[in-house]
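> As input, take protein.cif (mmCIF, C-alpha atoms and all ligand atoms):
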data_protein
#
loop_
_atom_site.label_atom_id
_atom_site.label_comp_id
_atom_site.auth_asym_id
_atom_site.auth_seq_id
_atom_site.Cartn_x
_atom_site.Cartn_y
_atom_site.Cartn_z
CA MET A 168 57.79 96.58 118.30
CA HIS A 169 55.99 94.26 120.74
CA ALA A 170 57.83 93.68 124.02
CA THR A 171 57.99 89.90 123.54
CA GLU A 172 59.45 90.15 120.04
CA ARG A 173 63.04 89.13 119.56
CA THR A 174 65.50 90.75 117.21
CA ALA A 175 68.82 89.41 115.93
CA LEU A 176 71.47 91.20 113.90
CA ILE A 177 73.37 88.76 111.67
CA THR A 178 76.42 89.81 109.67
CA GLY A 179 77.17 87.83 106.51
CA ALA A 180 73.58 86.70 106.11
CA SER A 181 73.38 86.45 102.32
CA ARG A 182 75.06 83.05 101.88
CA GLY A 183 76.42 80.08 103.80
CA LEU A 184 75.98 79.74 107.54
CA GLY A 185 74.63 83.27 108.07
CA LEU A 186 71.83 82.69 105.55
CA ALA A 187 70.98 79.29 107.06
CA LEU A 188 70.75 80.86 110.52
CA ALA A 189 68.66 83.76 109.23
CA ARG A 190 66.23 81.28 107.70
CA GLY A 191 66.12 79.29 110.94
CA LEU A 192 65.43 82.36 113.07
CA ALA A 193 62.85 83.73 110.61
CA HIS A 194 61.01 80.41 110.87
CA ARG A 195 60.94 80.88 114.66
CA GLY A 196 59.54 84.40 114.39
CA TRP A 197 62.65 86.41 115.20
CA ASN A 198 62.88 89.89 113.67
CA LEU A 199 66.05 90.18 111.66
CA ILE A 200 68.59 92.84 110.79
CA LEU A 201 70.83 91.48 108.07
CA THR A 202 73.89 92.60 106.21
CA ALA A 203 76.39 91.50 103.54
CA ARG A 204 78.22 93.38 100.78
CA ASP A 205 76.41 92.07 97.67
CA ALA A 206 73.24 94.20 97.63
CA GLU A 207 71.37 92.10 95.08
CA ARG A 208 71.91 88.82 96.87
CA LEU A 209 71.03 90.40 100.23
CA GLY A 210 67.89 91.90 98.70
CA ASP A 211 66.81 88.44 97.49
CA VAL A 212 67.28 87.10 101.04
CA ARG A 213 65.27 90.00 102.49
CA ASP A 214 62.45 89.38 100.02
CA GLU A 215 62.43 85.65 100.81
CA LEU A 216 62.41 86.04 104.59
CA ALA A 217 60.03 89.02 104.65
CA ARG A 218 57.28 86.50 103.84
CA GLN A 219 57.85 85.03 107.32
CA THR A 220 58.96 87.85 109.59
CA HIS A 221 60.05 91.47 109.83
CA VAL A 222 63.39 91.84 108.02
CA ALA A 223 65.59 94.91 107.63
CA ALA A 224 68.62 94.54 105.40
CA ILE A 225 71.32 97.05 104.59
CA PRO A 226 74.10 96.08 102.23
CA GLY A 227 77.61 97.09 103.19
CA ASP A 228 80.99 96.04 104.46
CA VAL A 229 81.36 95.28 108.16
CA THR A 230 84.91 96.62 108.02
CA ASP A 231 83.40 100.07 107.36
CA ALA A 232 82.65 101.90 110.63
CA ARG A 233 79.89 103.99 108.98
CA HIS A 234 78.14 100.82 107.87
CA ARG A 235 78.34 99.40 111.40
CA ASP A 236 76.86 102.67 112.72
CA ALA A 237 73.99 102.42 110.22
CA LEU A 238 73.27 98.88 111.47
CA ALA A 239 73.34 100.15 115.05
CA VAL A 240 70.76 102.83 114.20
CA LEU A 241 68.51 100.07 112.85
CA ALA A 242 69.09 98.01 116.00
CA ARG A 243 67.96 100.90 118.19
CA GLY A 244 64.97 101.44 115.89
CA HIS A 245 63.95 97.84 116.55
CA GLY A 246 63.88 98.53 120.30
CA GLY A 247 67.23 96.82 120.85
CA LEU A 248 68.86 93.49 120.13
CA ASP A 249 68.31 90.10 121.72
CA ALA A 250 71.25 88.73 119.74
CA LEU A 251 74.26 89.91 117.78
CA ILE A 252 75.76 87.23 115.56
CA ASN A 253 79.18 88.18 114.22
CA ASN A 254 79.30 85.65 111.40
CA ALA A 255 80.79 87.51 108.40
CA GLY A 256 84.41 86.57 107.94
CA ALA A 257 87.32 86.49 105.53
CA LEU A 258 89.36 83.43 104.62
CA GLY A 259 92.27 85.37 103.16
CA PRO A 260 94.25 84.33 100.09
CA SER A 261 93.31 81.14 98.26
CA PRO A 262 95.16 78.81 97.97
CA LEU A 263 96.08 79.19 101.64
CA PRO A 264 99.67 80.44 101.87
CA PRO A 265 102.15 79.06 104.39
CA VAL A 266 102.99 81.48 107.22
CA LEU A 267 106.45 82.28 105.83
CA GLU A 268 104.90 83.41 102.57
CA TYR A 269 101.78 85.08 103.97
CA PRO A 270 101.40 88.54 102.39
CA LEU A 271 101.27 90.99 105.28
CA GLU A 272 98.67 93.19 103.60
CA ALA A 273 96.44 90.13 103.26
CA LEU A 274 96.93 89.34 106.94
CA ARG A 275 95.93 92.90 107.85
CA ALA A 276 92.75 92.51 105.78
CA VAL A 277 91.88 89.19 107.44
CA LEU A 278 92.42 90.67 110.90
CA GLU A 279 90.31 93.70 109.96
CA ALA A 280 87.41 91.50 108.83
CA ASN A 281 87.62 88.77 111.48
CA VAL A 282 88.73 90.67 114.59
CA VAL A 283 88.41 94.45 114.27
CA ALA A 284 85.03 94.44 112.48
CA PRO A 285 83.25 92.09 114.93
CA LEU A 286 84.51 94.13 117.88
CA GLY A 287 83.52 97.35 116.10
CA MET A 288 80.07 95.88 115.45
CA LEU A 289 79.69 95.00 119.10
CA GLN A 290 80.85 98.43 120.25
CA ALA A 291 78.43 100.09 117.81
CA VAL A 292 75.42 98.20 119.21
CA ARG A 293 76.50 97.99 122.86
CA ASP A 294 73.79 100.41 124.01
CA ALA A 295 71.19 98.52 121.99
CA LEU A 296 71.87 95.13 123.62
CA LYS A 297 68.93 94.12 125.81
CA PRO A 298 69.68 92.67 129.26
CA GLY A 299 70.77 89.04 128.81
CA ALA A 300 71.36 89.53 125.08
CA ARG A 301 73.35 86.84 123.30
CA VAL A 302 76.61 87.76 121.60
CA LEU A 303 77.73 85.01 119.26
CA SER A 304 81.10 85.01 117.48
CA ILE A 305 81.50 82.43 114.73
CA THR A 306 85.06 81.17 114.98
CA SER A 307 86.75 77.99 113.78
CA ASP A 308 88.72 74.94 114.88
CA ALA A 309 91.61 76.65 113.05
CA ALA A 310 91.64 79.01 116.06
CA VAL A 311 92.91 76.21 118.30
CA ASN A 312 94.65 73.77 115.91
CA ALA A 313 97.85 74.41 113.94
CA TYR A 314 96.74 73.32 110.46
CA PRO A 315 99.33 74.03 107.75
CA GLY A 316 98.11 76.93 105.57
CA TRP A 317 95.62 78.16 108.14
CA GLY A 318 98.02 80.45 110.05
CA GLY A 319 96.57 83.82 109.02
CA TYR A 320 92.92 82.85 109.25
CA GLY A 321 93.54 80.75 112.38
CA ALA A 322 95.37 83.60 114.12
CA SER A 323 92.44 85.93 113.38
CA LYS A 324 89.91 83.44 114.74
CA ALA A 325 92.09 82.83 117.83
CA ALA A 326 92.09 86.58 118.43
CA LEU A 327 88.32 86.71 117.96
CA GLU A 328 87.90 83.85 120.45
CA GLN A 329 90.00 85.61 123.08
CA LEU A 330 88.24 88.96 122.59
CA THR A 331 84.89 87.22 122.93
CA ALA A 332 85.99 85.26 126.00
CA VAL A 333 87.22 88.39 127.76
CA LEU A 334 84.01 90.19 126.78
CA GLY A 335 82.11 87.42 128.57
CA THR A 336 84.09 87.75 131.79
CA GLU A 337 83.78 91.54 131.70
CA ASN A 338 80.01 91.43 131.08
CA PRO A 339 78.41 88.69 133.17
CA THR A 340 74.91 90.02 132.36
CA LEU A 341 75.38 89.04 128.70
CA ARG A 342 75.48 85.49 127.39
CA VAL A 343 78.56 85.35 125.24
CA TYR A 344 79.38 82.42 122.96
CA TRP A 345 82.26 81.71 120.61
CA VAL A 346 81.34 78.86 118.36
CA ASP A 347 83.22 76.57 116.01
CA PRO A 348 80.64 75.63 113.36
CA GLY A 349 82.77 72.78 111.95
CA ASP A 350 83.51 72.21 108.26
CA LEU A 351 80.58 73.30 106.11
CA ARG A 352 79.75 73.12 102.41
CA THR A 353 79.95 76.85 101.67
CA ASP A 354 81.71 79.25 99.31
CA MET A 355 84.35 79.99 101.94
CA HIS A 356 85.10 76.31 102.45
CA GLN A 357 85.35 75.78 98.68
CA ALA A 358 87.80 78.70 98.49
CA ALA A 359 89.92 76.98 101.13
CA TYR A 360 89.99 73.81 99.02
CA PRO A 361 90.07 75.16 95.45
CA GLY A 362 89.17 72.57 92.83
CA GLU A 363 88.40 69.90 95.47
CA ASP A 364 85.12 68.08 95.87
CA ILE A 365 83.64 69.26 99.19
CA SER A 366 80.28 67.54 98.71
CA ASP A 367 80.94 65.32 101.75
CA ARG A 368 80.88 68.36 104.07
CA PRO A 369 77.54 69.04 105.78
CA LEU A 370 75.34 71.89 104.60
CA PRO A 371 75.27 74.84 107.02
CA GLU A 372 71.60 74.13 107.85
CA VAL A 373 72.81 71.10 109.86
CA ARG A 374 74.41 73.43 112.43
CA VAL A 375 71.45 75.78 112.83
CA PRO A 376 69.63 73.90 115.66
CA ALA A 377 72.76 74.15 117.84
CA LEU A 378 73.06 77.88 117.16
CA ILE A 379 69.37 78.41 117.90
CA THR A 380 69.82 76.60 121.23
CA LEU A 381 72.57 79.06 122.13
CA LEU A 382 70.35 81.99 121.13
CA GLU A 383 67.15 80.81 122.81
CA ASP A 384 68.22 78.74 125.83
CA ALA A 385 70.31 79.87 128.78
CA LEU A 386 73.58 77.99 128.36
CA PRO A 387 76.58 79.46 130.19
CA SER A 388 78.89 81.78 128.30
CA GLY A 389 81.77 79.89 126.73
CA ARG A 390 83.26 78.12 123.71
CA TYR A 391 81.00 75.67 121.90
CA SER A 392 81.39 73.28 119.02
CA ALA A 393 78.18 73.39 116.98
CA ALA A 394 78.72 69.77 115.91
CA SER A 395 79.13 68.50 119.51
CA LEU A 396 76.23 70.58 120.79
CA GLY A 397 74.13 69.26 117.89
CA THR A 398 74.93 65.66 118.90
CA VAL A 399 74.00 66.37 122.53
CA LEU A 400 70.69 67.87 121.38
CA ALA A 401 69.95 64.95 119.04
CA ASN A 402 70.69 62.40 121.82
CA ALA A 403 68.49 64.33 124.24
CA ARG A 404 65.64 64.31 121.69
CA GLU A 405 66.11 60.56 121.12
CA SER A 406 66.04 59.67 124.83
CA ALA A 407 62.96 61.88 125.35
CA ALA A 408 61.11 60.07 122.51
N1 LIG A 501 82.49 77.03 105.96
C1 LIG A 501 83.25 76.45 106.87
O1 LIG A 501 83.66 75.29 106.72
C2 LIG A 501 83.59 77.21 108.13
C3 LIG A 501 84.32 76.54 109.12
C4 LIG A 501 84.66 77.22 110.29
C5 LIG A 501 84.26 78.53 110.45
N2 LIG A 501 83.56 79.18 109.47
C6 LIG A 501 83.14 80.56 109.72
O2 LIG A 501 81.74 80.65 109.55
C7 LIG A 501 81.40 81.98 109.14
C8 LIG A 501 80.52 81.89 107.89
O3 LIG A 501 81.29 81.27 106.88
P1 LIG A 501 80.63 80.68 105.55
O4 LIG A 501 81.40 79.48 105.23
O5 LIG A 501 79.16 80.66 105.67
O6 LIG A 501 81.11 81.83 104.52
P2 LIG A 501 80.53 82.24 103.08
O7 LIG A 501 79.70 81.16 102.50
O8 LIG A 501 81.69 82.74 102.34
O9 LIG A 501 79.53 83.45 103.44
C9 LIG A 501 80.07 84.61 104.02
C10 LIG A 501 78.96 85.62 104.21
O10 LIG A 501 79.53 86.80 104.82
C11 LIG A 501 79.37 87.93 103.93
N3 LIG A 501 80.57 88.75 104.11
C12 LIG A 501 81.85 88.39 103.92
N4 LIG A 501 82.66 89.41 104.17
C13 LIG A 501 81.88 90.45 104.55
C14 LIG A 501 82.13 91.79 104.92
N5 LIG A 501 83.37 92.27 104.97
N6 LIG A 501 81.09 92.59 105.25
C15 LIG A 501 79.81 92.10 105.20
N7 LIG A 501 79.52 90.84 104.86
C16 LIG A 501 80.54 90.04 104.52
C17 LIG A 501 79.19 87.31 102.55
O11 LIG A 501 78.48 88.13 101.64
P3 LIG A 501 79.23 89.19 100.70
O12 LIG A 501 80.41 88.49 100.09
O13 LIG A 501 78.20 89.64 99.73
O14 LIG A 501 79.66 90.29 101.63
C18 LIG A 501 78.34 86.10 102.92
O15 LIG A 501 77.00 86.48 103.17
C19 LIG A 501 82.71 82.71 108.93
O16 LIG A 501 83.01 83.49 110.05
C20 LIG A 501 83.72 81.58 108.78
O17 LIG A 501 85.02 81.99 109.12
C21 LIG A 501 83.21 78.54 108.32
#
Let me see whether you can do it: turn the structure in this file into structure tokens.

Amino acid sequence: MHATERTALITGASRGLGLALARGLAHRGWNLILTARDAERLGDVRDELARQTHVAAIPGDVTDARHRDALAVLARGHGGLDALINNAGALGPSPLPPVLEYPLEALRAVLEANVVAPLGMLQAVRDALKPGARVLSITSDAAVNAYPGWGGYGASKAALEQLTAVLGTENPTLRVYWVDPGDLRTDMHQAAYPGEDISDRPLPEVRVPALITLLEDALPSGRYSAASLGTVLANARESAA
């Protein structure tokens, strides 16, 4: 691996926001390590992006410690990571149950996928993170707003935000971001609004420039809204033109 090459590990890269980001980074020449559970879909993504860059993809579940270890072996084999993007997540039951009716087993599963797995992923690759590596946790506005029905998912994203924030203060040599991508037209969003028309929501590609700025520039660690950062970037481009 050439010293100037950059490598990102993206969880949940077979659909939705993770796929859009993988495509964006492939276009910019990043090497990619990708994962998701559906092997066939992930294989299609690998085949598509391998035309542009070096792509390694292993199917599996990020809640499985052995799978995270396998991804970490790949990360070391790539000479380390410039970025870890913890994007894979679980919505929980659909339709979204009110807190008083939230099945506790379902809450445990959501916490496992949205809190324990991202931390486990980070711990697995900690020795593979290059100096100044970016750690990006995809969270949600449900982490900070009390939307009815979003209690289980929102609590998990709030926990992920706090873990990521503390990680940043404990590791000032890393650049650590926790990012609300905003509402997006994806499978997860459709599951949150079963039977509803979500065609007015932006496609995930719209948020990719903001995420790439976090991964390639040197913004301070912190919480970002991809939509707000995108507007700032668009305004900056307009005033420079
Ligand atoms: N869409 C929105 O409006 C919205 C808003 C705020 C935040 N977010 C957050 O943005 C992130 C991406 O969401 P999205 O809307 O793009 O979701 P999505 O369309 O449902 O895609 C989720 C991706 O993650 C993979 N995945 C899910 N669980 C996994 C697991 N346990 N192990 C490995 N891979 C797994 C899925 O593939 P497999 O199913 O094959 O594993 C898929 O590639 C999530 O963290 C979500 O909470 C989304």
> Between A:Glu383, A:Glu363, A:Asp214, A:Glu372, which is the closest to ligand LIG 501 (chain A) once you count all atoms listed in the file?
A:Glu372
> Once you count all atoms listed in the file, which residues end up within 9 Å of ligand LIG 501 (chain A), and could you hand them over as a ChimeraX atom specification?
/A:178-187,202-209,226-231,253-258,279-281,284,304-309,320,324,346-359,368-371
> From the list A:Ala322, A:Gly335, A:Lys297, A:Leu396, which residue is nearest Ala242 of chain A when using all atoms listed in the file?
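Once distances to Ala242 of chain A are computed over all atoms listed in the file, the minimum belongs to A:Lys297.
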> Using Å and a single decimal, report how far atom CA of Ile225 of chain A sits from atom CA of His194 of chain A.
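These atoms are spaced 20.6 Å apart.
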> What's the separation between atom CA of Arg218 of chain A and atom CA of Arg301 of chain A, in Å to one decimal place?
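Distance reported for this atom pair: 25.2 Å.
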> Where's the centre, and what are the edge lengths in Å to one decimal, of a box along x, y and z enclosing all listed atoms of segment 340-357 of chain A padded 8 Å per side, as lines of an AutoDock Vina configuration file?

center_x = 80.1
center_y = 81.1
center_z = 115.5
size_x = 26.4
size_y = 33.8
size_z = 49.7
> Would you mind listing what lies within 9 Å of Gly299 of chain A as a ChimeraX atom specification, with only C-alpha atoms counted and same-chain residues fewer than 6 positions away left out?
/A:249,339-342
> Env of Val222 of chain A: 7 Å cut, atoms = all atoms listed in the file, seq-sep filter 5 positions within chain, self excluded. Answer as number ranges by chain.
A: 198-200, 213, 216-217
> Tell me which of A:His221, A:Gly244, A:Thr174, A:Gly191 sits closest to Ile379 of chain A, counting all atoms listed in the file.
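Smallest distance to Ile379 of chain A is found for A:Gly191.
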> Extract, using all atoms listed in the file, all DNA, RNA and protein residues at most 6 Å from Ala250 of chain A, discarding same-chain residues fewer than 4 positions from it, and format them as a list in words.
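Using all atoms listed in the file, the neighbours found are Ala175, Ala300, Arg301 and Val302 of chain A.
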> Separation of atom CA of Ala393 of chain A and atom CA of Asp294 of chain A, in Å?
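Interatomic distance, atom CA of Ala393 of chain A to atom CA of Asp294 of chain A: 28.3 Å.
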> Which one is closest to Glu272 of chain A: A:Pro387, A:Pro298, A:Pro285, A:Gly319? Count only C-alpha atoms.
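Looking only at the distances to Glu272 of chain A, the closest residue turns out to be A:Gly319.
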> Select, from A:Ala408, A:Leu378, A:Leu176, A:Leu274, the residue with the minimum atom-to-atom distance to Ala295 of chain A, counting only C-alpha atoms.
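Closest residue, counting only C-alpha atoms: A:Leu176.
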> Let me make sure I understand: among A:Trp197, A:Thr171, A:Ala224, A:Gly362, which one has the smallest atom-to-atom distance to Gly210 of chain A if we use only C-alpha atoms?
A:Ala224
> For the point (89.9, 88.8, 116.5) in the file's frame, write as a list of chain:residue names all residues with an atom no more than 8 Å away, counting all atoms listed in the file.
A:Leu278, A:Asn281, A:Val282, A:Val283, A:Pro285, A:Leu286, A:Ala322, A:Ser323, A:Lys324, A:Ala325, A:Ala326, A:Leu327, A:Glu328, A:Gln329, A:Leu330
